[in-house]
Amino acid sequence: MITIATARSYGRLDDTTAGDLARCWNAAYPIMRKLVTRKIDGDRRYIAEHRWDTATGSPEVVFDVPAPTEAAVRRSLHLAEALRRTLGQLDRGTHRPCTRSPQGFSVTSAYWAVRDVLPMTGINDRDLSDLYQLASLLAYISDGLARQRDAEHATA
């Protein structure tokens with residue numbers, strides 16, 4: 001759960017924007033966590049249930065549609081686990097976009113993470129309005145920050 005202070009740790013947000021961001025993040029985080037955990041559980045279950053033919057790299061079951069390779073499923077699982085870890089770090093305010101960055105909440109990293117969660121949604125998922133509202137707010141903030149940086153660089 002992030003607070004206004006956690007959101008402000010990014011350094012470029014005013015109190016109103018940070019408050020809106022904290023409210024939206026805290027409302028959307030449980031559904032994001034649920035979606036990513038569902039993806040991880042599904043990939044793990046798929047790996048456990050399928051034995052891949054080592055010669056072709058595909059499952060032994062024959063379908064009309066090509067089944068994913070073992071490498072593709074394992075890569076998908078790895079990316080989902082990394083995404084869940086990033087979401088947790090952002091929620092705790094301990095995320096580091098790079099090794100030299102201080103710990104805190106990163107608007108850019110949050111925007112990337114939310115964009116990675118959106119494809120995991122399905123037509124039958126509920127409570128997605130908070131997720132889409134957060135995505136919209138992060139897009140708005142990111143655009144504003146990019147314009148601000150562009151203006152700073154243009155005058156330098």
# chains A, B, ... in the order shown; residues from 1 in each chain; ligands from 1

call {"tool": "residues_around", "arguments": {"residues": "Ser109 in chain A", "least_positions_apart": "3", "cutoff": "9 Å", "atoms": "only C-alpha atoms", "output": "list of chain:residue names"}}
result
A:Thr86, A:Leu90, A:His95, A:Arg96, A:Pro97, A:Phe105, A:Ser106, A:Trp112, A:Ala113, A:Val114

call {"tool": "write_last_selection", "arguments": {"atoms": "N, CA and C atoms", "output": "mmCIF file, in the first residue's frame"}}
result
data_model
loop_
_atom_site.group_PDB
_atom_site.id
_atom_site.type_symbol
_atom_site.label_atom_id
_atom_site.label_comp_id
_atom_site.auth_asym_id
_atom_site.auth_seq_id
_atom_site.Cartn_x
_atom_site.Cartn_y
_atom_site.Cartn_z
ATOM 1 N N THR A 86 8.172 -6.956 -9.196
ATOM 2 C CA THR A 86 8.221 -5.505 -9.409
ATOM 3 C C THR A 86 7.002 -4.824 -8.805
ATOM 4 N N LEU A 90 7.116 -2.009 -5.906
ATOM 5 C CA LEU A 90 6.483 -0.701 -6.074
ATOM 6 C C LEU A 90 5.484 -0.449 -4.954
ATOM 7 N N HIS A 95 11.242 -0.298 -4.754
ATOM 8 C CA HIS A 95 11.666 -0.593 -6.124
ATOM 9 C C HIS A 95 12.872 0.259 -6.507
ATOM 10 N N ARG A 96 13.768 -0.340 -7.269
ATOM 11 C CA ARG A 96 14.921 0.361 -7.836
ATOM 12 C C ARG A 96 14.893 0.131 -9.345
ATOM 13 N N PRO A 97 14.607 1.164 -10.137
ATOM 14 C CA PRO A 97 14.604 0.982 -11.585
ATOM 15 C C PRO A 97 15.951 0.506 -12.121
ATOM 16 N N PHE A 105 9.193 4.751 -5.134
ATOM 17 C CA PHE A 105 8.141 4.495 -6.114
ATOM 18 C C PHE A 105 8.536 5.194 -7.402
ATOM 19 N N SER A 106 8.494 4.492 -8.506
ATOM 20 C CA SER A 106 8.838 5.057 -9.805
ATOM 21 C C SER A 106 7.594 5.084 -10.685
ATOM 22 N N TRP A 112 5.048 0.995 -16.760
ATOM 23 C CA TRP A 112 5.449 -0.200 -17.516
ATOM 24 C C TRP A 112 4.810 -1.454 -16.933
ATOM 25 N N ALA A 113 4.816 -1.565 -15.610
ATOM 26 C CA ALA A 113 4.258 -2.755 -14.970
ATOM 27 C C ALA A 113 2.758 -2.877 -15.244
ATOM 28 N N VAL A 114 2.039 -1.771 -15.111
ATOM 29 C CA VAL A 114 0.593 -1.804 -15.363
ATOM 30 C C VAL A 114 0.323 -2.156 -16.821
#

call {"tool": "residues_around", "arguments": {"residues": "range 117-128 of chain A", "least_positions_apart": "5", "cutoff": "8 Å", "atoms": "only C-alpha atoms", "output": "JSON list (two decimals) with N, CA and C atoms, in the first residue's frame"}}
result
[["chain", "number", "residue", "atom", "x", "y", "z"],
["A", 28, "ALA", "N", -6.15, -0.61, -7.21],
["A", 28, "ALA", "CA", -5.87, -1.52, -8.33],
["A", 28, "ALA", "C", -4.88, -2.63, -7.97],
["A", 31, "ILE", "N", -6.14, -6.42, -7.58],
["A", 31, "ILE", "CA", -6.54, -7.08, -8.83],
["A", 31, "ILE", "C", -5.32, -7.35, -9.72],
["A", 32, "MET", "N", -4.34, -6.44, -9.72],
["A", 32, "MET", "CA", -3.13, -6.70, -10.50],
["A", 32, "MET", "C", -2.41, -7.93, -9.95],
["A", 35, "LEU", "N", -4.29, -11.09, -10.97],
["A", 35, "LEU", "CA", -4.12, -11.43, -12.38],
["A", 35, "LEU", "C", -2.75, -12.05, -12.66],
["A", 36, "VAL", "N", -1.72, -11.46, -12.10],
["A", 36, "VAL", "CA", -0.37, -11.96, -12.34],
["A", 36, "VAL", "C", -0.18, -13.32, -11.67],
["A", 39, "LYS", "N", -1.73, -15.94, -13.77],
["A", 39, "LYS", "CA", -0.87, -16.25, -14.92],
["A", 39, "LYS", "C", 0.27, -17.18, -14.51]]

call {"tool": "atom_distance", "arguments": {"atom1": "CA of Arg149 in chain A", "atom2": "CA of Ala135 in chain A"}}
result
20.8 Å

call {"tool": "residues_around", "arguments": {"residues": "range 71-73 of chain A", "least_positions_apart": "4", "cutoff": "8 Å", "atoms": "only C-alpha atoms", "output": "ChimeraX atom specification"}}
result
/A:43,47,77

call {"tool": "write_last_selection", "arguments": {"atoms": "C-alpha atoms", "output": "PDB file, in the first residue's frame"}}
result
ATOM      1  CA  ASP A  43       2.063 -21.429 -16.535  1.00  0.00           C
ATOM      2  CA  ILE A  47       4.549 -27.021 -17.398  1.00  0.00           C
ATOM      3  CA  LEU A  77       6.522 -17.784 -16.409  1.00  0.00           C
TER       4      LEU A  77
END

call {"tool": "atom_distance", "arguments": {"atom1": "CA of Asp14 in chain A", "atom2": "CA of Asp91 in chain A"}}
result
19.0 Å

call {"tool": "closest_residue", "arguments": {"among": "A:Met1, A:Ile40, A:Ala48, A:Ala22", "to": "Ala82 in chain A", "atoms": "only C-alpha atoms"}}
result
A:Ile40

call {"tool": "select_by_dssp", "arguments": {"residues": "range 8-152 of chain A", "states": "alpha helix (DSSP H)", "output": "number ranges by chain"}}
result
A: 8, 15-49, 70-92, 107-117, 129-152

call {"tool": "residues_around", "arguments": {"residues": "Ile141 in chain A", "least_positions_apart": "2", "cutoff": "10 Å", "atoms": "only C-alpha atoms", "output": "ChimeraX atom specification"}}
result
/A:12-13,17-18,21,107-108,111,135-139,143-147

call {"tool": "atom_distance", "arguments": {"atom1": "CA of Cys24 in chain A", "atom2": "CA of Leu134 in chain A"}}
result
5.3 Å

call {"tool": "decode", "arguments": {"residues": "range 18-55 of chain A", "atoms": "C-alpha atoms", "output": "PDB file, in the first residue's frame"}}
result
ATOM      1  CA  ALA A  18       0.552  11.898  -5.493  1.00  0.00           C
ATOM      2  CA  GLY A  19      -2.714  11.508  -3.548  1.00  0.00           C
ATOM      3  CA  ASP A  20      -4.626  10.510  -6.686  1.00  0.00           C
ATOM      4  CA  LEU A  21      -1.868   8.086  -7.614  1.00  0.00           C
ATOM      5  CA  ALA A  22      -1.790   6.513  -4.140  1.00  0.00           C
ATOM      6  CA  ARG A  23      -5.593   6.123  -4.128  1.00  0.00           C
ATOM      7  CA  CYS A  24      -5.673   4.546  -7.596  1.00  0.00           C
ATOM      8  CA  TRP A  25      -2.675   2.294  -6.933  1.00  0.00           C
ATOM      9  CA  ASN A  26      -4.099   0.987  -3.654  1.00  0.00           C
ATOM     10  CA  ALA A  27      -7.442   0.247  -5.320  1.00  0.00           C
ATOM     11  CA  ALA A  28      -5.867  -1.524  -8.326  1.00  0.00           C
ATOM     12  CA  TYR A  29      -2.996  -3.404  -6.662  1.00  0.00           C
ATOM     13  CA  PRO A  30      -5.080  -6.373  -5.378  1.00  0.00           C
ATOM     14  CA  ILE A  31      -6.541  -7.084  -8.831  1.00  0.00           C
ATOM     15  CA  MET A  32      -3.127  -6.698 -10.495  1.00  0.00           C
ATOM     16  CA  ARG A  33      -1.615  -9.131  -7.998  1.00  0.00           C
ATOM     17  CA  LYS A  34      -4.497 -11.568  -8.587  1.00  0.00           C
ATOM     18  CA  LEU A  35      -4.123 -11.429 -12.382  1.00  0.00           C
ATOM     19  CA  VAL A  36      -0.365 -11.962 -12.344  1.00  0.00           C
ATOM     20  CA  THR A  37      -0.624 -14.772  -9.774  1.00  0.00           C
ATOM     21  CA  ARG A  38      -3.262 -16.461 -11.960  1.00  0.00           C
ATOM     22  CA  LYS A  39      -0.874 -16.252 -14.919  1.00  0.00           C
ATOM     23  CA  ILE A  40       2.002 -17.709 -12.888  1.00  0.00           C
ATOM     24  CA  ASP A  41      -0.160 -20.541 -11.546  1.00  0.00           C
ATOM     25  CA  GLY A  42      -1.437 -21.296 -15.053  1.00  0.00           C
ATOM     26  CA  ASP A  43       2.063 -21.429 -16.535  1.00  0.00           C
ATOM     27  CA  ARG A  44       3.318 -23.640 -13.708  1.00  0.00           C
ATOM     28  CA  ARG A  45       0.335 -25.954 -14.108  1.00  0.00           C
ATOM     29  CA  TYR A  46       0.883 -26.118 -17.889  1.00  0.00           C
ATOM     30  CA  ILE A  47       4.549 -27.021 -17.398  1.00  0.00           C
ATOM     31  CA  ALA A  48       3.645 -29.700 -14.841  1.00  0.00           C
ATOM     32  CA  GLU A  49       0.924 -31.253 -17.005  1.00  0.00           C
ATOM     33  CA  HIS A  50       2.805 -31.360 -20.305  1.00  0.00           C
ATOM     34  CA  ARG A  51       5.830 -33.366 -21.235  1.00  0.00           C
ATOM     35  CA  TRP A  52       7.687 -31.916 -24.150  1.00  0.00           C
ATOM     36  CA  ASP A  53       9.103 -34.077 -26.887  1.00  0.00           C
ATOM     37  CA  THR A  54      12.805 -33.257 -26.805  1.00  0.00           C
ATOM     38  CA  ALA A  55      13.190 -33.785 -30.561  1.00  0.00           C
TER      39      ALA A  55
END
